[in-house]
file my_file-v2.pdb (PDB, C-alpha atoms and all ligand atoms)
ATOM      1  CA  MET A 200      -7.514  34.867  21.348
ATOM      2  CA  ALA A 201      -4.042  34.088  20.041
ATOM      3  CA  ILE A 202      -3.297  32.560  16.683
ATOM      4  CA  VAL A 203      -0.560  29.949  16.806
ATOM      5  CA  LEU A 204       1.250  27.574  14.478
ATOM      6  CA  GLY A 205      -0.028  23.999  14.622
ATOM      7  CA  PRO A 206       1.558  20.742  13.469
ATOM      8  CA  ASN A 207       3.589  21.065  10.297
ATOM      9  CA  ARG A 208       6.009  19.124   8.167
ATOM     10  CA  TYR A 209       7.840  19.646   4.903
ATOM     11  CA  GLY A 210       9.876  17.675   2.433
ATOM     12  CA  LYS A 211      10.326  16.483  -1.133
ATOM     13  CA  ALA A 212       7.534  14.325  -2.488
ATOM     14  CA  GLU A 213       7.839  11.684  -5.193
ATOM     15  CA  THR A 214      11.517  11.683  -6.046
ATOM     16  CA  ARG A 215      11.679   9.072  -8.779
ATOM     17  CA  VAL A 216      14.867   7.050  -8.738
ATOM     18  CA  VAL A 217      15.845   4.184 -10.983
ATOM     19  CA  ARG A 218      18.921   2.424  -9.644
ATOM     20  CA  VAL A 219      20.721   0.062 -11.995
ATOM     21  CA  THR A 220      23.131  -2.395 -10.411
ATOM     22  CA  ARG A 221      25.578  -3.677 -12.983
ATOM     23  CA  ASP A 222      26.837  -7.168 -12.251
ATOM     24  CA  GLY A 223      28.873  -7.481 -15.434
ATOM     25  CA  ASP A 224      26.389  -8.008 -18.226
ATOM     26  CA  VAL A 225      23.541  -8.885 -15.884
ATOM     27  CA  HIS A 226      21.826  -5.799 -14.532
ATOM     28  CA  ARG A 227      19.364  -5.418 -11.656
ATOM     29  CA  LEU A 228      16.773  -2.676 -11.585
ATOM     30  CA  LYS A 229      15.088  -0.889  -8.711
ATOM     31  CA  ASP A 230      12.419   1.683  -9.610
ATOM     32  CA  VAL A 231      11.078   3.727  -6.711
ATOM     33  CA  SER A 232       9.323   6.925  -5.775
ATOM     34  CA  VAL A 233      10.522   8.395  -2.482
ATOM     35  CA  GLY A 234       8.669  10.922  -0.341
ATOM     36  CA  VAL A 235      10.560  12.606   2.493
ATOM     37  CA  SER A 236       8.780  14.668   5.109
ATOM     38  CA  LEU A 237      10.630  16.278   8.007
ATOM     39  CA  SER A 238       9.427  17.978  11.159
ATOM     40  CA  GLY A 239      10.900  19.545  14.258
ATOM     41  CA  ALA A 240      11.843  23.032  15.387
ATOM     42  CA  MET A 241      10.285  24.892  12.481
ATOM     43  CA  ASP A 242       8.600  27.815  14.233
ATOM     44  CA  ALA A 243      11.044  30.421  12.985
ATOM     45  CA  VAL A 244      10.588  29.789   9.288
ATOM     46  CA  HIS A 245       6.812  29.899   9.586
ATOM     47  CA  LEU A 246       6.612  32.873  11.935
ATOM     48  CA  THR A 247       9.466  35.096  10.756
ATOM     49  CA  GLY A 248      10.799  33.572   7.545
ATOM     50  CA  ASP A 249      14.136  32.675   9.161
ATOM     51  CA  ASN A 250      15.381  29.724   7.096
ATOM     52  CA  ALA A 251      18.354  28.792   9.284
ATOM     53  CA  ALA A 252      16.817  25.459  10.350
ATOM     54  CA  VAL A 253      15.419  24.564   6.936
ATOM     55  CA  LEU A 254      17.321  21.912   5.024
ATOM     56  CA  PRO A 255      16.071  22.607   1.494
ATOM     57  CA  THR A 256      13.780  20.029  -0.038
ATOM     58  CA  ASP A 257      16.211  20.151  -2.953
ATOM     59  CA  SER A 258      18.948  18.794  -0.653
ATOM     60  CA  GLN A 259      16.573  16.069   0.502
ATOM     61  CA  LYS A 260      16.037  15.013  -3.107
ATOM     62  CA  ASN A 261      19.798  15.033  -3.699
ATOM     63  CA  THR A 262      20.290  12.852  -0.619
ATOM     64  CA  VAL A 263      17.902  10.279  -2.053
ATOM     65  CA  PHE A 264      19.950  10.091  -5.262
ATOM     66  CA  ALA A 265      23.293  10.083  -3.434
ATOM     67  CA  PHE A 266      22.162   7.304  -1.087
ATOM     68  CA  ALA A 267      20.883   5.291  -4.050
ATOM     69  CA  LYS A 268      24.406   5.434  -5.483
ATOM     70  CA  ARG A 269      26.312   4.971  -2.215
ATOM     71  CA  HIS A 270      24.206   2.289  -0.537
ATOM     72  CA  GLY A 271      22.223   0.844  -3.451
ATOM     73  CA  ILE A 272      18.538   0.119  -2.942
ATOM     74  CA  ASP A 273      17.660  -3.273  -1.598
ATOM     75  CA  ALA A 274      14.427  -3.676   0.392
ATOM     76  CA  ILE A 275      12.561  -0.352   0.366
ATOM     77  CA  GLU A 276      11.993  -0.663   4.139
ATOM     78  CA  ASP A 277      15.767  -0.595   4.689
ATOM     79  CA  PHE A 278      16.256   2.319   2.283
ATOM     80  CA  GLY A 279      13.509   4.206   4.125
ATOM     81  CA  LEU A 280      15.089   3.573   7.515
ATOM     82  CA  LEU A 281      18.501   4.656   6.197
ATOM     83  CA  LEU A 282      17.143   7.965   4.926
ATOM     84  CA  ALA A 283      14.913   8.672   7.940
ATOM     85  CA  ARG A 284      17.747   8.026  10.404
ATOM     86  CA  HIS A 285      20.113  10.189   8.351
ATOM     87  CA  PHE A 286      17.900  13.279   8.465
ATOM     88  CA  VAL A 287      17.196  12.975  12.202
ATOM     89  CA  ALA A 288      20.856  12.335  13.024
ATOM     90  CA  SER A 289      22.358  15.037  10.804
ATOM     91  CA  GLN A 290      19.976  17.981  11.201
ATOM     92  CA  PRO A 291      19.797  19.511  14.684
ATOM     93  CA  ALA A 292      16.350  21.022  14.086
ATOM     94  CA  ILE A 293      14.825  17.834  12.699
ATOM     95  CA  THR A 294      13.316  15.573  15.340
ATOM     96  CA  HIS A 295      11.118  13.426  13.143
ATOM     97  CA  ALA A 296      11.430  11.987   9.645
ATOM     98  CA  ARG A 297       8.761  10.281   7.604
ATOM     99  CA  VAL A 298       9.843   8.407   4.487
ATOM    100  CA  GLU A 299       7.328   6.825   2.165
ATOM    101  CA  ILE A 300       8.531   4.701  -0.735
ATOM    102  CA  HIS A 301       6.593   3.142  -3.583
ATOM    103  CA  GLU A 302       8.288   0.479  -5.668
ATOM    104  CA  TYR A 303       7.357  -0.363  -9.252
ATOM    105  CA  GLY A 304       8.284  -3.909 -10.217
ATOM    106  CA  TRP A 305      10.153  -4.901 -13.351
ATOM    107  CA  SER A 306      10.726  -8.436 -14.643
ATOM    108  CA  ARG A 307      13.565  -9.596 -16.811
ATOM    109  CA  ILE A 308      12.624 -10.229 -20.445
ATOM    110  CA  THR A 309      15.674 -12.027 -21.723
ATOM    111  CA  GLY A 310      19.396 -11.462 -21.524
ATOM    112  CA  GLY A 311      20.882  -9.268 -18.863
ATOM    113  CA  HIS A 312      19.532  -5.804 -19.477
ATOM    114  CA  SER A 313      15.964  -5.916 -20.828
ATOM    115  CA  PHE A 314      12.970  -5.543 -18.555
ATOM    116  CA  VAL A 315       9.196  -5.353 -18.753
ATOM    117  CA  ARG A 316       7.237  -3.359 -16.223
ATOM    118  CA  ASP A 317       5.045  -5.530 -13.969
ATOM    119  CA  GLY A 318       1.283  -4.940 -13.778
ATOM    120  CA  GLY A 319      -0.272  -2.067 -11.869
ATOM    121  CA  GLU A 320       0.624  -3.439  -8.455
ATOM    122  CA  VAL A 321       2.910  -1.273  -6.326
ATOM    123  CA  ARG A 322       4.874  -2.274  -3.210
ATOM    124  CA  THR A 323       4.936   0.366  -0.463
ATOM    125  CA  ALA A 324       6.869   1.160   2.699
ATOM    126  CA  LEU A 325       6.244   3.878   5.260
ATOM    127  CA  VAL A 326       8.943   4.612   7.841
ATOM    128  CA  HIS A 327       8.772   7.008  10.774
ATOM    129  CA  ALA A 328      11.880   7.764  12.800
ATOM    130  CA  ASP A 329      12.733   9.995  15.701
ATOM    131  CA  ALA A 330      15.134   9.752  18.581
ATOM    132  CA  GLY A 331      12.842   7.599  20.678
ATOM    133  CA  SER A 332      11.002   5.363  18.271
ATOM    134  CA  GLU A 333      10.913   3.954  14.782
ATOM    135  CA  THR A 334       8.048   2.277  12.975
ATOM    136  CA  VAL A 335       7.824   0.402   9.693
ATOM    137  CA  VAL A 336       4.600  -0.206   7.769
ATOM    138  CA  SER A 337       4.872  -2.270   4.583
ATOM    139  CA  GLY A 338       2.183  -2.764   2.001
ATOM    140  CA  LEU A 339       0.902  -2.814  -1.524
ATOM    141  CA  THR A 340      -1.626  -1.013  -3.658
ATOM    142  CA  ASP A 341      -3.560  -1.988  -6.767
ATOM    143  CA  LEU A 342      -3.434  -5.729  -6.318
ATOM    144  CA  VAL A 343      -6.386  -6.435  -8.598
ATOM    145  CA  VAL A 344      -8.166  -9.733  -7.947
ATOM    146  CA  LEU A 345     -11.412 -11.364  -9.023
ATOM    147  CA  ASN A 346     -13.417 -14.436  -8.029
ATOM    148  CA  SER A 347     -15.822 -15.478 -10.791
ATOM    149  CA  THR A 348     -17.944 -17.442  -8.305
ATOM    150  CA  GLY A 349     -17.941 -18.277  -4.594
ATOM    151  CA  SER A 350     -19.381 -14.908  -3.597
ATOM    152  CA  GLU A 351     -22.870 -14.177  -2.264
ATOM    153  CA  PHE A 352     -24.563 -11.095  -0.867
ATOM    154  CA  HIS A 353     -27.985 -11.375   0.750
ATOM    155  CA  GLY A 354     -29.753 -10.876   4.065
ATOM    156  CA  PHE A 355     -28.768  -7.192   4.095
ATOM    157  CA  ALA A 356     -30.709  -4.379   5.748
ATOM    158  CA  GLN A 357     -33.423  -2.854   3.573
ATOM    159  CA  ASP A 358     -35.122   0.525   3.539
ATOM    160  CA  GLU A 359     -37.441   2.357   1.146
ATOM    161  CA  TYR A 360     -34.513   3.069  -1.205
ATOM    162  CA  THR A 361     -33.229  -0.500  -1.455
ATOM    163  CA  THR A 362     -33.446  -1.972  -4.932
ATOM    164  CA  LEU A 363     -30.436  -4.336  -4.844
ATOM    165  CA  GLU A 364     -31.417  -7.937  -5.509
ATOM    166  CA  PRO A 365     -29.924 -10.506  -3.163
ATOM    167  CA  THR A 366     -27.565 -12.925  -4.896
ATOM    168  CA  ASP A 367     -26.038 -16.277  -4.085
ATOM    169  CA  ASP A 368     -23.580 -16.186  -6.977
ATOM    170  CA  ARG A 369     -21.807 -13.049  -8.109
ATOM    171  CA  VAL A 370     -18.438 -11.831  -9.313
ATOM    172  CA  LEU A 371     -16.305 -10.432  -6.502
ATOM    173  CA  ALA A 372     -13.524  -8.131  -7.647
ATOM    174  CA  THR A 373     -11.384  -5.547  -5.934
ATOM    175  CA  ALA A 374      -8.118  -3.625  -6.123
ATOM    176  CA  VAL A 375      -6.507  -4.265  -2.761
ATOM    177  CA  THR A 376      -4.645  -1.595  -0.863
ATOM    178  CA  ALA A 377      -3.112  -3.313   2.155
ATOM    179  CA  ARG A 378      -0.650  -2.004   4.703
ATOM    180  CA  TRP A 379       0.784  -3.954   7.584
ATOM    181  CA  ARG A 380       2.671  -2.786  10.663
ATOM    182  CA  HIS A 381       5.761  -4.659  11.818
ATOM    183  CA  ARG A 382       6.510  -5.197  15.475
ATOM    184  CA  SER A 383      10.164  -4.288  14.944
ATOM    185  CA  THR A 384      12.419  -2.438  12.535
ATOM    186  CA  GLU A 385      14.341  -5.560  11.666
ATOM    187  CA  ALA A 386      12.758  -8.181   9.460
ATOM    188  CA  ALA A 387      13.563 -10.127   6.321
ATOM    189  CA  TRP A 388      11.612  -7.515   4.383
ATOM    190  CA  ASP A 389      11.467  -9.176   0.966
ATOM    191  CA  GLU A 390      10.520 -12.547   2.382
ATOM    192  CA  SER A 391       7.950 -10.965   4.685
ATOM    193  CA  TYR A 392       6.471  -9.021   1.772
ATOM    194  CA  ARG A 393       6.136 -12.115  -0.411
ATOM    195  CA  ALA A 394       4.526 -14.051   2.448
ATOM    196  CA  ALA A 395       2.037 -11.275   3.222
ATOM    197  CA  ARG A 396       1.080 -10.863  -0.444
ATOM    198  CA  ASP A 397       0.684 -14.615  -0.753
ATOM    199  CA  ALA A 398      -1.507 -14.753   2.372
ATOM    200  CA  LEU A 399      -3.731 -11.975   0.999
ATOM    201  CA  LEU A 400      -4.170 -13.776  -2.315
ATOM    202  CA  LYS A 401      -4.788 -17.190  -0.769
ATOM    203  CA  ALA A 402      -7.354 -15.781   1.648
ATOM    204  CA  PHE A 403      -9.125 -13.898  -1.150
ATOM    205  CA  ALA A 404      -9.266 -17.007  -3.316
ATOM    206  CA  GLY A 405     -10.025 -19.415  -0.474
ATOM    207  CA  THR A 406     -12.821 -17.558   1.283
ATOM    208  CA  HIS A 407     -16.377 -18.392   0.244
ATOM    209  CA  SER A 408     -17.583 -14.825   0.602
ATOM    210  CA  LEU A 409     -20.867 -13.660   2.080
ATOM    211  CA  SER A 410     -19.668 -10.051   1.820
ATOM    212  CA  LEU A 411     -16.505  -8.190   0.898
ATOM    213  CA  GLN A 412     -16.295  -7.190   4.570
ATOM    214  CA  GLN A 413     -16.026 -10.856   5.548
ATOM    215  CA  THR A 414     -13.354 -11.422   2.876
ATOM    216  CA  LEU A 415     -11.443  -8.374   4.135
ATOM    217  CA  PHE A 416     -11.295  -9.760   7.657
ATOM    218  CA  GLN A 417     -10.128 -13.166   6.426
ATOM    219  CA  MET A 418      -7.365 -11.547   4.367
ATOM    220  CA  GLY A 419      -6.042  -9.552   7.314
ATOM    221  CA  ARG A 420      -6.426 -12.504   9.657
ATOM    222  CA  ARG A 421      -4.357 -14.768   7.435
ATOM    223  CA  VAL A 422      -1.449 -12.307   7.217
ATOM    224  CA  LEU A 423      -1.381 -12.074  11.024
ATOM    225  CA  ALA A 424      -1.808 -15.825  11.540
ATOM    226  CA  GLU A 425       1.161 -16.589   9.308
ATOM    227  CA  GLN A 426       3.581 -13.894  10.469
ATOM    228  CA  ASP A 427       4.217 -13.239  14.146
ATOM    229  CA  GLU A 428       6.278 -10.156  13.397
ATOM    230  CA  ILE A 429       3.250  -8.326  11.946
ATOM    231  CA  CYS A 430       0.727  -6.973  14.458
ATOM    232  CA  GLU A 431      -1.753  -4.890  12.460
ATOM    233  CA  VAL A 432      -3.145  -4.928   8.920
ATOM    234  CA  ARG A 433      -5.196  -2.146   7.349
ATOM    235  CA  LEU A 434      -7.120  -2.869   4.181
ATOM    236  CA  SER A 435      -8.975  -0.671   1.742
ATOM    237  CA  MET A 436     -10.906  -2.548  -0.920
ATOM    238  CA  PRO A 437     -13.208  -1.031  -3.551
ATOM    239  CA  ASN A 438     -16.020  -3.357  -4.531
ATOM    240  CA  LYS A 439     -15.521  -3.389  -8.290
ATOM    241  CA  HIS A 440     -19.109  -4.129  -9.187
ATOM    242  CA  HIS A 441     -19.848  -6.540 -12.014
ATOM    243  CA  PHE A 442     -23.509  -6.248 -12.969
ATOM    244  CA  LEU A 443     -25.285  -8.991 -14.902
ATOM    245  CA  VAL A 444     -26.342  -7.672 -18.291
ATOM    246  CA  ASP A 445     -30.003  -8.174 -19.170
ATOM    247  CA  LEU A 446     -29.892 -10.217 -22.384
ATOM    248  CA  LYS A 447     -33.646 -10.896 -22.499
ATOM    249  CA  PRO A 448     -34.216  -8.150 -25.135
ATOM    250  CA  PHE A 449     -31.999 -10.246 -27.421
ATOM    251  CA  GLY A 450     -33.838 -13.453 -26.611
ATOM    252  CA  MET A 451     -30.927 -14.803 -24.577
ATOM    253  CA  LYS A 452     -30.565 -16.064 -21.047
ATOM    254  CA  ASN A 453     -27.692 -14.716 -18.953
ATOM    255  CA  ASP A 454     -26.538 -17.594 -16.818
ATOM    256  CA  ASN A 455     -23.932 -15.576 -14.887
ATOM    257  CA  GLU A 456     -21.768 -15.258 -17.965
ATOM    258  CA  VAL A 457     -21.965 -11.681 -19.265
ATOM    259  CA  TYR A 458     -21.269  -8.775 -16.899
ATOM    260  CA  PHE A 459     -21.033  -5.038 -17.180
ATOM    261  CA  ALA A 460     -17.871  -4.023 -15.288
ATOM    262  CA  ALA A 461     -18.822  -0.653 -13.827
ATOM    263  CA  ASP A 462     -15.990   1.637 -12.759
ATOM    264  CA  ARG A 463     -17.987   4.029 -10.548
ATOM    265  CA  PRO A 464     -19.547   4.492  -8.146
ATOM    266  CA  TYR A 465     -18.065   1.630  -6.174
ATOM    267  CA  GLY A 466     -18.569   0.356  -2.659
ATOM    268  CA  LEU A 467     -15.498   1.074  -0.554
ATOM    269  CA  ILE A 468     -14.852  -1.427   2.192
ATOM    270  CA  GLU A 469     -12.117  -0.545   4.683
ATOM    271  CA  GLY A 470     -11.006  -2.126   7.908
ATOM    272  CA  THR A 471      -8.250  -2.878  10.373
ATOM    273  CA  VAL A 472      -7.358  -6.350  11.623
ATOM    274  CA  LEU A 473      -4.942  -6.589  14.530
ATOM    275  CA  THR A 474      -3.632  -8.865  17.235
ATOM    276  CA  ASP A 475      -4.958  -8.100  20.704
ATOM    277  CA  ASP A 476      -1.403  -7.510  21.952
ATOM    278  CA  ALA A 477      -0.497  -5.026  19.199
ATOM    279  CA  PRO A 478       1.353  -2.107  20.789
ATOM    280  CA  ASP A 479      -0.444   1.177  20.236
ATOM    281  CA  ALA A 480       1.185   3.155  17.415
ATOM    282  CA  PRO A 481      -1.418   5.345  15.698
ATOM    283  CA  SER A 482       1.265   7.674  14.318
ATOM    284  CA  ALA A 483       2.890   4.812  12.383
ATOM    285  CA  TRP A 484       0.148   5.283   9.779
ATOM    286  CA  ASN A 485       0.305   9.091   9.444
TER     287      ASN A 485
HETATM  288  O1  LIG A 501     -19.895  -7.265  -0.181
HETATM  289  C1  LIG A 501     -20.687  -6.303  -0.192
HETATM  290  N1  LIG A 501     -20.779  -5.505   0.903
HETATM  291  C2  LIG A 501     -21.620  -4.434   0.972
HETATM  292  O2  LIG A 501     -21.676  -3.718   1.996
HETATM  293  C3  LIG A 501     -22.392  -4.159  -0.182
HETATM  294  N2  LIG A 501     -23.314  -3.196  -0.476
HETATM  295  C4  LIG A 501     -23.743  -3.423  -1.739
HETATM  296  O3  LIG A 501     -24.590  -2.714  -2.357
HETATM  297  N3  LIG A 501     -23.132  -4.523  -2.258
HETATM  298  C5  LIG A 501     -22.285  -5.006  -1.299
HETATM  299  N4  LIG A 501     -21.432  -6.052  -1.282
END

call {"tool": "encode", "arguments": {"input": "my_file-v2.pdb", "output": "structure tokens"}}
result
Amino acid sequence: MAIVLGPNRYGKAETRVVRVTRDGDVHRLKDVSVGVSLSGAMDAVHLTGDNAAVLPTDSQKNTVFAFAKRHGIDAIEDFGLLLARHFVASQPAITHARVEIHEYGWSRITGGHSFVRDGGEVRTALVHADAGSETVVSGLTDLVVLNSTGSEFHGFAQDEYTTLEPTDDRVLATAVTARWRHRSTEAAWDESYRAARDALLKAFAGTHSLSLQQTLFQMGRRVLAEQDEICEVRLSMPNKHHFLVDLKPFGMKNDNEVYFAADRPYGLIEGTVLTDDAPDAPSAWN
């Protein structure tokens, strides 16, 4: 039996960059966290400690800052592609680059240089690049949504441990993590992002839900129906349970008005929705 080195990658995780663009007195702000992960001919460093092929993760971090200055940061998908292509093109040993970027939104308060951080929602981009192929997956995390009616859950399987009461009117709440794969590496990223986010919200609000699974499918379906250039959507949605509080001990009726918002445990509903012609690209999600 021989012991061998398996798949490996290395890079600098979570480089936080705030790029201010000064247009006279009116500033623009881009706040991102960039993860770079490189792979290629890395046997020597693992097997013998020969670092000749290893571009330090410190240099990778410096590249992120230098590129933020030199090129600015517009759509995070473009910034990801720029970085990924740079590492593959400039380092002989590097055959594959993975760049993951999270963007934290800021809104203008008043005047040109005052901002307030947007809610918990984060925009994401994941880029893979090598000599033969490039993939772009856009997305968001922590899009917190709630329907105060229009949600039912009944007719479910039952066993000896089932105590859940069926309901035809409940609160449905979740924090959406959604990622969507583009067919190409050229798109109007900001416009596409806004449209996908809008489709997710409209489908969540507009679906009379018999289960969160059904809502999940409708959300993915709507993104795909509205944007030809997206071929696959992956969703992860915690069921943020809202339990009716028993007010009978206080002589009161609870007519679906007072809920206990539990934080854990939570149901976790996850699924993929794709077009039947979506080209296979499992590694786009790695
Ligand atoms: O929408 C739901 N899907 C489930 O699978 C589930 N399971 C559960 O206990 N409540 C719910 N709600």

call {"tool": "residues_near_ligand", "arguments": {"input": "my_file-v2.pdb", "ligand": "ligand LIG 501 (chain A)", "cutoff": "6 Å", "atoms": "all atoms listed in the file", "output": "list of chain:residue names"}}
result
A:Phe352, A:Ser410, A:Leu411, A:Gln412

call {"tool": "resolve_selection", "arguments": {"input": "my_file-v2.pdb", "expression": "the PyMOL selection byres (((chain A and resi 213-219) around 9) and not hetatm)", "output": "list in words"}}
result
Lys211, Ala212, Thr220, Arg221, His226, Arg227, Leu228, Lys229, Asp230, Val231, Ser232, Val233, Gly234, Val235, Lys260, Val263, Phe264, Ala267, Lys268, Gly271, Ile272, Glu299, Ile300 and His301 of chain A

call {"tool": "residues_around", "arguments": {"input": "my_file-v2.pdb", "residues": "Leu434 of chain A", "least_positions_apart": "6", "cutoff": "9 Å", "atoms": "only C-alpha atoms", "output": "VMD selection string"}}
result
chain A and resid 375 to 379 415 to 416 418 to 419 468 to 472

call {"tool": "resolve_selection", "arguments": {"input": "my_file-v2.pdb", "expression": "the PyMOL selection byres (((chain A and resi 307-324) around 8) and not hetatm)", "output": "VMD selection string"}}
result
chain A and resid 224 to 227 275 to 276 279 299 to 306 325 to 326 335 to 343 378

call {"tool": "closest_residue", "arguments": {"input": "my_file-v2.pdb", "among": "A:His295, A:Gly205, A:Arg420, A:Ala477", "to": "Leu246 of chain A", "atoms": "all atoms listed in the file"}}
result
A:Gly205

call {"tool": "atom_distance", "arguments": {"input": "my_file-v2.pdb", "atom1": "atom CA of His440 of chain A", "atom2": "atom CA of Gly349 of chain A"}}
result
14.9 Å

call {"tool": "resolve_selection", "arguments": {"input": "my_file-v2.pdb", "expression": "the PyMOL selection byres (((chain A and resi 394) around 12) and not hetatm)", "output": "VMD selection string"}}
result
chain A and resid 337 to 338 379 387 to 393 395 to 401 421 to 429

call {"tool": "write_last_selection", "arguments": {"input": "my_file-v2.pdb", "atoms": "C-alpha atoms", "output": "mmCIF file, in the frame of the given file"}}
result
data_model
loop_
_atom_site.group_PDB
_atom_site.id
_atom_site.type_symbol
_atom_site.label_atom_id
_atom_site.label_comp_id
_atom_site.auth_asym_id
_atom_site.auth_seq_id
_atom_site.Cartn_x
_atom_site.Cartn_y
_atom_site.Cartn_z
ATOM 1 C CA SER A 337 4.872 -2.270 4.583
ATOM 2 C CA GLY A 338 2.183 -2.764 2.001
ATOM 3 C CA TRP A 379 0.784 -3.954 7.584
ATOM 4 C CA ALA A 387 13.563 -10.127 6.321
ATOM 5 C CA TRP A 388 11.612 -7.515 4.383
ATOM 6 C CA ASP A 389 11.467 -9.176 0.966
ATOM 7 C CA GLU A 390 10.520 -12.547 2.382
ATOM 8 C CA SER A 391 7.950 -10.965 4.685
ATOM 9 C CA TYR A 392 6.471 -9.021 1.772
ATOM 10 C CA ARG A 393 6.136 -12.115 -0.411
ATOM 11 C CA ALA A 395 2.037 -11.275 3.222
ATOM 12 C CA ARG A 396 1.080 -10.863 -0.444
ATOM 13 C CA ASP A 397 0.684 -14.615 -0.753
ATOM 14 C CA ALA A 398 -1.507 -14.753 2.372
ATOM 15 C CA LEU A 399 -3.731 -11.975 0.999
ATOM 16 C CA LEU A 400 -4.170 -13.776 -2.315
ATOM 17 C CA LYS A 401 -4.788 -17.190 -0.769
ATOM 18 C CA ARG A 421 -4.357 -14.768 7.435
ATOM 19 C CA VAL A 422 -1.449 -12.307 7.217
ATOM 20 C CA LEU A 423 -1.381 -12.074 11.024
ATOM 21 C CA ALA A 424 -1.808 -15.825 11.540
ATOM 22 C CA GLU A 425 1.161 -16.589 9.308
ATOM 23 C CA GLN A 426 3.581 -13.894 10.469
ATOM 24 C CA ASP A 427 4.217 -13.239 14.146
ATOM 25 C CA GLU A 428 6.278 -10.156 13.397
ATOM 26 C CA ILE A 429 3.250 -8.326 11.946
#

call {"tool": "residues_near_point", "arguments": {"input": "my_file-v2.pdb", "point": "(9.3, 16.5, 8.8)", "cutoff": "7 Å", "atoms": "only C-alpha atoms", "output": "PyMOL selection string"}}
result
chain A and resi 208-210+236-239+293+295-297

call {"tool": "closest_residue", "arguments": {"input": "my_file-v2.pdb", "among": "A:Ala460, A:Thr247, A:Gly354, A:Thr474", "to": "Val370 of chain A", "atoms": "all atoms listed in the file"}}
result
A:Ala460

call {"tool": "atom_distance", "arguments": {"input": "my_file-v2.pdb", "atom1": "atom CA of Asn261 of chain A", "atom2": "atom CA of Ala288 of chain A"}}
result
17.0 Å

call {"tool": "residues_near_point", "arguments": {"input": "my_file-v2.pdb", "point": "(-21.5, -13.6, -6.7)", "cutoff": "6 Å", "atoms": "all atoms listed in the file", "output": "PyMOL selection string"}}
result
chain A and resi 348+350-351+367-370

call {"tool": "atom_distance", "arguments": {"input": "my_file-v2.pdb", "atom1": "atom CA of Ala374 of chain A", "atom2": "atom CA of Val344 of chain A"}}
result
6.4 Å

call {"tool": "residues_around", "arguments": {"input": "my_file-v2.pdb", "residues": "Ala461 of chain A", "least_positions_apart": "4", "cutoff": "12 Å", "atoms": "only C-alpha atoms", "output": "list in words"}}
result
Ala372, Thr373, Pro437, Asn438, Lys439, His440, His441, Phe442, Leu443, Val444, Tyr465 and Gly466 of chain A

call {"tool": "closest_residue", "arguments": {"input": "my_file-v2.pdb", "among": "A:Ala274, A:Leu409, A:Ala404, A:Leu446", "to": "Phe355 of chain A", "atoms": "only C-alpha atoms"}}
result
A:Leu409

call {"tool": "axis_aligned_box", "arguments": {"input": "my_file-v2.pdb", "around": "segment 224-230 of chain A", "padding_each_side": "3 Å", "output": "AutoDock Vina command-line options"}}
result
--center_x 19.4 --center_y -3.6 --center_z -13.5 --size_x 20.0 --size_y 16.6 --size_z 15.5
